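Novice: Next comes the structure file run.cif, holding mmCIF, C-alpha atoms.
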```cif
data_coords
#
loop_
_atom_site.label_atom_id
_atom_site.label_comp_id
_atom_site.auth_asym_id
_atom_site.auth_seq_id
_atom_site.Cartn_x
_atom_site.Cartn_y
_atom_site.Cartn_z
CA MET A 95 99.89 102.51 177.58
CA ALA A 96 101.18 105.92 178.62
CA SER A 97 102.79 106.29 182.05
CA SER A 98 101.48 108.71 184.65
CA SER A 99 105.02 109.56 185.78
CA LYS A 100 105.27 112.41 183.26
CA VAL A 101 101.88 114.03 183.81
CA VAL A 102 102.01 117.51 185.31
CA ASN A 103 98.53 118.07 186.75
CA ILE A 104 95.30 116.38 187.77
CA ASP A 105 93.61 117.27 184.48
CA ASP A 106 96.29 115.24 182.65
CA LEU A 107 95.30 112.23 184.77
CA ARG A 108 91.65 112.92 183.97
CA ARG A 109 92.40 112.79 180.24
CA MET A 110 94.40 109.58 180.66
CA ALA A 111 91.50 108.01 182.54
CA GLN A 112 89.04 109.14 179.88
CA ARG A 113 91.10 107.51 177.14
CA ARG A 114 91.36 104.21 179.03
CA LEU A 115 87.79 103.89 180.30
CA PRO A 116 84.59 103.27 178.36
CA ARG A 117 82.16 106.16 178.49
CA ILE A 118 79.75 104.39 180.87
CA VAL A 119 82.47 104.14 183.56
CA PHE A 120 84.12 107.50 182.93
CA ASP A 121 80.76 109.30 183.07
CA TYR A 122 79.99 107.63 186.40
CA ILE A 123 83.26 108.96 187.85
CA ASP A 124 83.21 112.36 186.19
CA GLY A 125 79.54 113.24 186.22
CA GLY A 126 77.19 115.03 188.56
CA VAL A 127 73.44 115.25 188.88
CA GLU A 128 70.82 116.79 186.57
CA ASP A 129 72.31 119.86 184.80
CA GLU A 130 75.59 119.48 186.72
CA THR A 131 75.45 123.10 187.86
CA GLY A 132 76.43 121.93 191.36
CA LEU A 133 79.46 120.23 189.86
CA ALA A 134 80.48 123.49 188.17
CA ARG A 135 79.68 125.48 191.32
CA ASN A 136 82.22 123.44 193.29
CA ARG A 137 84.96 124.69 190.98
CA GLN A 138 83.61 128.24 190.80
CA ALA A 139 83.67 128.49 194.59
CA PHE A 140 87.45 128.04 194.56
CA GLU A 141 87.97 130.29 191.55
CA ARG A 142 86.32 133.25 193.26
CA TRP A 143 89.18 133.43 195.81
CA ARG A 144 92.53 135.01 195.01
CA MET A 145 95.70 134.29 196.98
CA VAL A 146 97.73 137.32 198.10
CA PRO A 147 101.50 136.69 198.26
CA HIS A 148 103.70 138.14 201.00
CA TYR A 149 107.25 138.44 199.72
CA LEU A 150 110.65 139.11 201.34
CA THR A 151 110.15 136.27 203.80
CA ASP A 152 112.37 133.23 204.24
CA VAL A 153 110.63 130.24 202.61
CA SER A 154 113.74 128.14 202.01
CA GLN A 155 112.34 125.47 204.34
CA ARG A 156 108.62 124.73 204.09
CA SER A 157 106.25 122.43 205.96
CA GLN A 158 102.76 121.20 205.09
CA GLN A 159 102.57 118.70 207.91
CA THR A 160 99.46 118.80 210.04
CA THR A 161 97.77 116.93 212.87
CA LEU A 162 94.25 115.54 212.63
CA PHE A 163 92.61 113.74 215.55
CA GLY A 164 95.99 113.47 217.23
CA GLN A 165 97.71 111.78 214.27
CA ASN A 166 100.46 113.52 212.31
CA TYR A 167 100.03 113.57 208.53
CA ALA A 168 102.47 114.65 205.83
CA SER A 169 99.92 116.88 204.08
CA PRO A 170 96.58 118.54 204.89
CA PHE A 171 94.56 116.32 202.55
CA GLY A 172 93.46 112.71 202.21
CA ILE A 173 91.43 110.54 199.84
CA ALA A 174 87.64 110.87 200.00
CA PRO A 175 85.35 107.84 199.65
CA THR A 176 84.63 106.94 196.03
CA GLY A 177 82.16 104.13 195.39
CA LEU A 178 82.47 101.46 192.69
CA ALA A 179 86.18 102.20 192.23
CA GLY A 180 86.66 98.62 191.08
CA PHE A 181 84.91 99.48 187.82
CA ALA A 182 87.73 101.93 187.09
CA ARG A 183 90.35 99.26 187.82
CA PRO A 184 90.24 95.94 189.71
CA GLY A 185 91.75 96.37 193.15
CA ALA A 186 91.39 100.16 193.02
CA ASP A 187 90.35 100.47 196.67
CA LEU A 188 93.47 98.64 197.84
CA MET A 189 95.66 100.72 195.52
CA LEU A 190 94.20 103.95 196.89
CA ALA A 191 94.66 102.73 200.47
CA GLN A 192 98.28 101.77 199.76
CA ALA A 193 99.04 105.10 198.06
CA ALA A 194 97.55 106.99 201.01
CA ALA A 195 99.53 105.00 203.56
CA GLU A 196 102.77 105.53 201.63
CA ALA A 197 102.09 109.28 201.44
CA ASN A 198 101.09 109.35 205.13
CA VAL A 199 97.59 110.71 204.53
CA PRO A 200 94.20 109.18 205.43
CA PHE A 201 92.06 107.11 203.07
CA ILE A 202 88.28 106.92 203.58
CA MET A 203 86.99 103.59 202.30
CA SER A 204 83.61 103.99 200.61
CA GLY A 205 80.54 102.19 201.92
CA ALA A 206 80.07 101.22 198.26
CA ALA A 207 83.61 99.87 197.87
CA THR A 208 84.43 96.76 195.89
CA THR A 209 86.90 95.50 198.51
CA SER A 210 86.14 94.43 202.08
CA ILE A 211 86.68 96.48 205.23
CA GLU A 212 89.00 93.81 206.53
CA ARG A 213 91.33 93.85 203.50
CA VAL A 214 91.60 97.64 203.37
CA ALA A 215 92.20 97.90 207.12
CA ALA A 216 94.99 95.33 206.83
CA ALA A 217 96.55 97.19 203.88
CA ALA A 218 96.53 100.59 205.62
CA PRO A 219 96.07 99.92 209.33
CA ARG A 220 96.87 103.46 210.56
CA HIS A 221 95.42 105.36 207.61
CA ALA A 222 92.10 103.69 206.73
CA TRP A 223 88.77 105.19 207.76
CA PHE A 224 85.40 103.63 206.91
CA GLN A 225 82.37 105.38 205.43
CA LEU A 226 79.08 103.96 206.67
CA TYR A 227 75.83 103.99 204.70
CA VAL A 228 72.90 103.19 207.00
CA SER A 229 70.99 100.15 205.75
CA ARG A 230 67.22 99.66 205.79
CA GLU A 231 67.93 96.59 207.94
CA THR A 232 69.32 97.71 211.29
CA ALA A 233 71.07 94.38 211.77
CA ILE A 234 73.23 95.01 208.69
CA THR A 235 74.23 98.47 209.90
CA ASP A 236 75.10 97.03 213.30
CA ASP A 237 77.19 94.28 211.74
CA LEU A 238 79.11 96.70 209.52
CA ILE A 239 79.92 98.74 212.64
CA ARG A 240 81.06 95.57 214.42
CA ARG A 241 83.27 94.58 211.52
CA ALA A 242 84.84 98.03 211.34
CA LEU A 243 85.61 97.89 215.06
CA GLU A 244 87.11 94.42 214.84
CA ALA A 245 89.17 95.41 211.81
CA GLY A 246 90.77 98.18 213.84
CA ILE A 247 89.19 101.16 212.08
CA GLU A 248 89.64 104.24 214.29
CA THR A 249 87.39 106.70 212.41
CA LEU A 250 83.86 105.97 211.23
CA VAL A 251 82.41 108.39 208.65
CA LEU A 252 78.61 108.49 208.59
CA THR A 253 77.38 109.88 205.27
CA VAL A 254 74.02 111.61 205.63
CA ASP A 255 73.39 113.31 202.26
CA VAL A 256 71.88 110.38 200.33
CA PRO A 257 68.21 110.19 201.43
CA VAL A 258 67.16 109.09 197.91
CA HIS A 259 68.78 108.07 194.64
CA SER A 260 69.66 111.21 192.73
CA LYS A 261 69.00 111.89 189.05
CA ARG A 262 72.46 111.36 187.60
CA GLU A 263 71.48 111.85 184.00
CA ARG A 264 74.71 110.64 182.42
CA ASP A 265 74.23 107.32 184.21
CA TRP A 266 70.56 107.15 183.22
CA ARG A 267 71.40 107.64 179.55
CA ASN A 268 74.19 105.07 179.69
CA GLY A 269 72.10 102.49 181.55
CA PHE A 270 74.42 102.57 184.56
CA VAL A 271 71.63 102.34 187.13
CA PRO A 272 70.39 99.19 188.90
CA PRO A 273 69.75 96.83 187.26
CA VAL A 274 72.64 97.85 185.00
CA LYS A 275 71.68 97.56 181.33
CA PRO A 276 74.26 99.34 179.16
CA SER A 277 72.88 100.97 176.04
CA PRO A 278 73.93 99.41 172.70
CA GLY A 279 76.20 102.39 172.13
CA CYS A 280 77.90 101.82 175.48
CA VAL A 281 78.44 98.13 174.71
CA LEU A 282 80.11 99.07 171.43
CA ASP A 283 82.20 101.66 173.29
CA MET A 284 83.38 99.00 175.76
CA LEU A 285 84.67 96.93 172.86
CA ARG A 286 86.71 99.96 171.78
CA HIS A 287 88.54 99.93 175.14
CA PRO A 288 90.26 96.51 175.12
CA ALA A 289 92.65 97.24 177.99
CA TRP A 290 89.76 97.99 180.35
CA LEU A 291 87.59 95.19 178.96
CA GLY A 292 90.42 92.69 179.35
CA THR A 293 90.69 93.40 183.08
CA VAL A 294 86.94 92.90 183.51
CA LEU A 295 87.07 89.59 181.66
CA ARG A 296 90.03 88.41 183.76
CA HIS A 297 88.73 89.55 187.15
CA GLY A 298 84.96 89.45 186.62
CA LEU A 299 82.45 92.13 187.51
CA PRO A 300 83.35 94.08 190.67
CA ARG A 301 81.28 93.14 193.72
CA PHE A 302 80.17 95.12 196.74
CA GLU A 303 82.36 92.93 198.94
CA ASN A 304 81.15 94.38 202.25
CA TRP A 305 77.56 93.56 201.33
CA ALA A 306 78.16 90.05 200.01
CA PRO A 307 77.61 88.35 203.42
CA TYR A 308 74.11 89.79 203.63
CA ALA A 309 72.90 89.12 200.06
CA GLY A 310 72.45 85.36 200.45
CA ASN A 311 74.60 82.31 199.83
CA GLY A 312 76.01 82.13 196.33
CA ALA A 313 74.94 85.63 195.34
CA GLY A 314 76.87 86.91 192.35
CA ALA A 315 77.94 90.47 191.57
CA ARG A 316 74.57 91.42 190.03
CA GLN A 317 72.57 89.94 192.91
CA ILE A 318 74.74 91.71 195.49
CA ALA A 319 74.39 95.00 193.59
CA ALA A 320 70.61 94.60 193.51
CA PHE A 321 70.57 93.86 197.24
CA PHE A 322 72.74 96.91 197.97
CA SER A 323 70.48 99.12 195.86
CA ALA A 324 67.43 97.87 197.78
CA GLN A 325 69.08 98.69 201.12
CA ILE A 326 70.64 102.05 200.18
CA PRO A 327 69.65 104.84 200.27
CA PHE A 328 67.67 104.97 203.47
CA THR A 329 66.30 108.12 205.08
CA GLN A 330 68.13 108.81 208.33
CA THR A 331 67.18 110.95 211.30
CA TRP A 332 69.00 112.44 214.27
CA HIS A 333 67.82 109.40 216.24
CA ASP A 334 69.87 107.16 213.91
CA LEU A 335 72.90 109.33 214.59
CA GLU A 336 72.35 109.08 218.35
CA ARG A 337 72.10 105.29 218.11
CA ILE A 338 75.30 105.02 216.07
CA ARG A 339 77.07 107.40 218.44
CA ARG A 340 76.20 105.03 221.31
CA GLN A 341 77.46 102.02 219.35
CA TRP A 342 80.70 103.50 218.06
CA PRO A 343 83.24 104.16 220.84
CA ARG A 344 85.89 105.69 218.59
CA ARG A 345 85.97 108.81 216.43
CA LEU A 346 82.72 109.56 214.60
CA VAL A 347 82.65 111.95 211.64
CA LEU A 348 79.52 113.20 209.89
CA LYS A 349 79.83 113.71 206.12
CA GLY A 350 77.47 115.73 203.94
CA ILE A 351 76.60 118.63 206.24
CA LEU A 352 75.96 122.02 204.61
CA ALA A 353 73.54 123.85 206.95
CA PRO A 354 75.09 125.62 209.97
CA ASN A 355 72.20 124.59 212.26
CA ASP A 356 72.77 120.93 211.30
CA ALA A 357 76.42 121.36 212.23
CA VAL A 358 75.43 122.73 215.64
CA GLN A 359 73.05 119.82 216.26
CA ALA A 360 75.76 117.31 215.30
CA GLN A 361 78.13 118.98 217.74
CA ARG A 362 75.53 118.69 220.51
CA LEU A 363 75.15 114.97 219.85
CA GLY A 364 78.84 114.30 220.34
CA VAL A 365 80.16 113.99 216.79
CA ASP A 366 83.94 114.36 216.67
CA GLY A 367 84.20 116.01 213.28
CA LEU A 368 82.30 117.13 210.19
CA ILE A 369 83.05 116.89 206.49
CA VAL A 370 81.31 119.81 204.79
CA SER A 371 80.26 118.36 201.44
CA ASN A 372 77.67 118.40 198.67
CA HIS A 373 78.69 114.85 197.66
CA GLY A 374 80.82 116.11 194.81
CA GLY A 375 77.82 117.65 193.08
CA ARG A 376 76.16 114.24 192.82
CA GLN A 377 73.05 114.61 194.98
CA LEU A 378 71.26 117.99 194.98
CA ASP A 379 72.15 120.05 191.92
CA ALA A 380 70.92 123.27 193.54
CA ALA A 381 73.03 122.81 196.68
CA PRO A 382 75.76 125.33 197.48
CA ALA A 383 79.39 124.36 197.17
CA ALA A 384 80.98 123.09 200.36
CA LEU A 385 83.51 125.94 200.24
CA GLU A 386 80.67 128.48 200.18
CA MET A 387 79.26 127.13 203.44
CA LEU A 388 82.55 126.45 205.22
CA PRO A 389 83.06 129.94 206.77
CA ALA A 390 79.49 130.08 208.11
CA ILE A 391 79.79 126.63 209.68
CA ARG A 392 83.15 127.49 211.21
CA ALA A 393 81.63 130.67 212.63
CA VAL A 394 78.84 128.83 214.48
CA LEU A 395 81.07 125.98 215.71
CA GLY A 396 84.10 128.00 216.74
CA GLN A 397 87.35 126.08 217.11
CA GLN A 398 85.93 123.25 219.24
CA MET A 399 84.97 121.00 216.32
CA THR A 400 87.23 119.40 213.72
CA LEU A 401 85.97 120.72 210.39
CA MET A 402 86.87 119.12 207.06
CA LEU A 403 85.76 119.61 203.46
CA ASP A 404 85.54 117.85 200.12
CA GLY A 405 84.32 118.68 196.63
CA GLY A 406 85.86 120.52 193.69
CA ILE A 407 89.54 120.11 194.61
CA ARG A 408 91.79 120.04 191.53
CA ARG A 409 94.88 121.97 192.65
CA GLY A 410 97.10 122.22 195.69
CA SER A 411 96.11 125.88 195.90
CA ASP A 412 92.47 124.77 196.33
CA ILE A 413 93.47 122.83 199.42
CA LEU A 414 95.23 125.90 200.83
CA LYS A 415 92.21 128.11 200.11
CA ALA A 416 89.98 125.74 202.08
CA TRP A 417 92.50 125.70 204.92
CA ALA A 418 92.67 129.50 205.03
CA LEU A 419 88.86 129.68 205.13
CA GLY A 420 88.66 127.47 208.21
CA ALA A 421 89.07 123.81 207.21
CA ASP A 422 91.24 121.63 209.43
CA PHE A 423 91.65 119.12 206.61
CA VAL A 424 90.54 118.47 203.02
CA PHE A 425 89.61 115.31 201.14
CA VAL A 426 89.90 114.71 197.39
CA GLY A 427 87.78 112.21 195.49
CA ARG A 428 87.95 112.44 191.71
CA PRO A 429 91.66 113.41 191.51
CA ALA A 430 92.69 110.15 193.20
CA LEU A 431 90.18 108.13 191.19
CA TYR A 432 91.41 109.64 187.91
CA GLY A 433 94.90 108.59 188.94
CA VAL A 434 94.08 104.98 189.77
CA ALA A 435 91.90 104.66 186.66
CA ALA A 436 94.67 106.03 184.47
CA ASP A 437 97.64 104.07 185.79
CA GLY A 438 96.76 101.92 188.79
CA LEU A 439 98.85 102.31 191.93
CA ALA A 440 101.38 104.48 190.08
CA GLY A 441 98.59 106.83 189.02
CA ALA A 442 97.20 107.06 192.55
CA ARG A 443 100.68 107.86 193.84
CA ARG A 444 101.13 110.50 191.14
CA ALA A 445 97.81 112.19 191.95
CA LEU A 446 98.83 112.62 195.59
CA ALA A 447 102.34 113.73 194.64
CA ILE A 448 101.00 116.40 192.26
CA LEU A 449 98.81 117.94 194.96
CA ARG A 450 101.62 117.80 197.50
CA GLU A 451 104.05 119.47 195.06
CA GLU A 452 101.53 122.21 194.27
CA ILE A 453 100.91 122.89 197.96
CA ASP A 454 104.65 123.27 198.49
CA LEU A 455 105.07 125.64 195.53
CA THR A 456 102.05 127.72 196.53
CA LEU A 457 103.28 128.10 200.11
CA ALA A 458 106.61 129.34 198.75
CA GLN A 459 104.91 131.83 196.44
CA LEU A 460 102.72 133.08 199.27
CA GLY A 461 105.69 133.68 201.53
CA CYS A 462 104.25 131.25 204.08
CA ALA A 463 106.84 128.72 205.21
CA ASP A 464 104.51 126.72 207.46
CA LEU A 465 100.96 125.62 206.76
CA ALA A 466 100.06 126.41 210.37
CA LEU A 467 100.69 130.10 209.65
CA LEU A 468 98.30 130.27 206.69
CA THR A 469 95.21 132.37 207.50
CA GLY A 470 92.54 134.36 205.72
CA GLU A 471 95.07 137.18 205.46
CA TYR A 472 96.39 135.44 202.35
CA LEU A 473 93.00 135.46 200.58
CA ARG A 474 91.01 138.05 198.70
CA GLU A 475 87.54 137.53 197.26
CA GLY A 476 86.85 138.66 193.73
CA TRP A 477 86.23 137.64 190.15
#
```
Could you show the structure in this file as structure tokens?

Specialist:
Amino acid sequence: MASSSKVVNIDDLRRMAQRRLPRIVFDYIDGGVEDETGLARNRQAFERWRMVPHYLTDVSQRSQQTTLFGQNYASPFGIAPTGLAGFARPGADLMLAQAAAEANVPFIMSGAATTSIERVAAAAPRHAWFQLYVSRETAITDDLIRRALEAGIETLVLTVDVPVHSKRERDWRNGFVPPVKPSPGCVLDMLRHPAWLGTVLRHGLPRFENWAPYAGNGAGARQIAAFFSAQIPFTQTWHDLERIRRQWPRRLVLKGILAPNDAVQAQRLGVDGLIVSNHGGRQLDAAPAALEMLPAIRAVLGQQMTLMLDGGIRRGSDILKAWALGADFVFVGRPALYGVAADGLAGARRALAILREEIDLTLAQLGCADLALLTGEYLREGW
């Protein structure tokens, strides 16, 4: 098996992951919804911006450190929530949490993780956030909030952009929808990936560990998955947000906002931060890219709200473009997941290191020694 230590960019990790994983799993990670135009739009939104260098400045010492919610981080990006990571590699959630803690960046644990809140919080006590999916049963939502509090989670991320199951056509064709029934071609493809298949046989099917207590005594991985699918998605309203805001005494972040008026309403209801996101192009194919909406949302909120972004990040320069357009922080999903799928903890570490190295090089090329000095002055729009 090739090592990730020699790869030079995120796309190298993507190719490594594609070679190791059967198509049914890789397509779940890599794919979008319907025609995947939203997936492409996320990349195009970054490509439309040029970066204007300012030379003859001293960039011999550079800093990309930043502060988010009062905590100092080594870089302006963290790991976004990625569900079902255990299908890419057993223990993937813990590996991602460990890599984030080592790099001193935050890790958002997915509400569809295959490891428990308690284990991730113990592995990365100062770096783990928890993404909450609201359940159809209020008691389950309340208990997940209680568990996050008791585990010491400081930041709860409420994802609001999944009112219904989306039409992820790659998954439909592969049979990777509840109840999972892989197509004959996918079964044959699994047999052609013995390294991945061997881990599944040794560790068993990944389970939605956070949902196991609610699925009934003795429920196996398939039963828990069916229970989760029956509970999520659930249509939320602003009243649900108000109720959760009353329950959660710590930092509350709303993820999935694209409309400026929604951002204003969230601010009124006491949310501490927003993650502008189109769910990585996996929900509404016609939705704009998060980067397209970021300046408009920043304009209506001013500087009083912490504003973050995810979706489409593949380079360190992408992170800096988002920062210059008004983001206080950026989260990456697929890059970290490609890394852990390709080479476990070493791959997750390498994904973060690549982005950090590219941020450093780009700051030097721009003539900007400190991330805090990077503004829209360094950007130009054009094709």

Novice: Within 6 Å of stretch 174-182 of chain A, counting only C-alpha atoms, which residues show up once you throw out same-chain ones fewer than 2 positions away? Write them as a list in words, please.

Specialist: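 Answer for this query is Pro184, Gly185, Ala186, Ile202, Met203, Ser204, Ala206, Ala207, Thr208, Pro300, Phe425, Val426, Gly427 and Ala435 of chain A.
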
Novice: Is there a way to get, as a list in words, all residues within 9 Å of the point (72.6, 110.8, 212.8) in file coordinates, counting all atoms listed in the file?

Specialist: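 Result, sorted by chain then residue number: Leu252, Thr253, Val254, Gln330, Thr331, Trp332, His333, Asp334, Leu335, Glu336, Arg337, Ile338, Arg339, Leu348, Ala360 and Leu363 of chain A.
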
Novice: Using the chain letters and residue numbers of this document, give as a short mmCIF file (atom, residue, chain, number, x, y, z; two decimals) with C-alpha atoms, in the coordinates of the input the residues selected by the PyMOL selection byres ((chain A and resi 220-234) around 7).

Specialist:
```cif
data_model
loop_
_atom_site.label_atom_id
_atom_site.label_comp_id
_atom_site.auth_asym_id
_atom_site.auth_seq_id
_atom_site.Cartn_x
_atom_site.Cartn_y
_atom_site.Cartn_z
CA PRO A 175 85.35 107.84 199.65
CA ALA A 191 94.66 102.73 200.47
CA ALA A 195 99.53 105.00 203.56
CA VAL A 199 97.59 110.71 204.53
CA PRO A 200 94.20 109.18 205.43
CA PHE A 201 92.06 107.11 203.07
CA ILE A 202 88.28 106.92 203.58
CA MET A 203 86.99 103.59 202.30
CA SER A 204 83.61 103.99 200.61
CA GLY A 205 80.54 102.19 201.92
CA VAL A 214 91.60 97.64 203.37
CA ALA A 215 92.20 97.90 207.12
CA ALA A 218 96.53 100.59 205.62
CA PRO A 219 96.07 99.92 209.33
CA THR A 235 74.23 98.47 209.90
CA ASP A 236 75.10 97.03 213.30
CA ASP A 237 77.19 94.28 211.74
CA LEU A 238 79.11 96.70 209.52
CA ILE A 247 89.19 101.16 212.08
CA GLU A 248 89.64 104.24 214.29
CA THR A 249 87.39 106.70 212.41
CA LEU A 250 83.86 105.97 211.23
CA VAL A 251 82.41 108.39 208.65
CA LEU A 252 78.61 108.49 208.59
CA THR A 253 77.38 109.88 205.27
CA GLN A 325 69.08 98.69 201.12
CA ILE A 326 70.64 102.05 200.18
CA PHE A 328 67.67 104.97 203.47
#
```

Novice: I need the residue nearest A:Ile318 from this list: A:Arg264, A:Arg301, A:Arg474, A:Arg409. Use only C-alpha atoms for the distance.

Specialist: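 The answer is A:Arg301, which sits nearest to A:Ile318.
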
Novice: Selected by the PyMOL selection byres ((chain A and resi 283-294) around 8) in the shown coordinates: which residues, as an NGL selection string?

Specialist: :A and (114-117 or 183-184 or 279-282 or 295-299)

Novice: Expand the PyMOL selection byres ((chain A and resi 143) around 8) into the explicit residue set it covers here, and present it as a ChimeraX atom specification.

Specialist: /A:139-142,144-145,415,473-477

Novice: Pick out the closest residue to A:Glu452 from this set: A:Gln159, A:Ser411, A:Gln341, A:Thr469. Count all atoms listed in the file.

Specialist: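 Looking only at the distances to A:Glu452, the closest residue turns out to be A:Ser411.
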
Novice: Please compute the atom CA of A:Trp417-atom CA of A:Ile104 distance, one decimal, in Å.

Specialist: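 Taking atom CA of A:Trp417 and atom CA of A:Ile104, their separation equals 19.7 Å.
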
Novice: Which one is closest to A:Arg109: A:Glu451, A:Glu386, A:Asp437, A:Glu130? Count all atoms listed in the file.

Specialist: A:Asp437

Novice: Atom CA of A:Arg108 and atom CA of A:Gly172 are how many Å apart?

Specialist: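 Computed distance, atom CA of A:Arg108 to atom CA of A:Gly172, equals 18.3 Å.
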
Novice: Show which residues sit within 7 Å of A:Thr160, as an MDAnalysis selection string. Count only C-alpha atoms, and ignore same-chain residues fewer than 3 positions away.

Specialist: chainID A and resid 166:170

Novice: How big is the axis-aligned box, and where does its centre sit, when it encloses all atoms of stretch 189-201 of chain A listed in the file and has 3 Å added on every side, reported in Å to one decimal as lines of an AutoDock Vina configuration file?

Specialist:
```
center_x = 97.4
center_y = 105.7
center_z = 200.5
size_x = 16.7
size_y = 16.0
size_z = 15.9
```

Novice: Using all atoms listed in the file, which residue out of A:Ala445, A:Leu439, A:Ala466, A:Ala458 lies closest to A:Asn103?

Specialist: A:Ala445
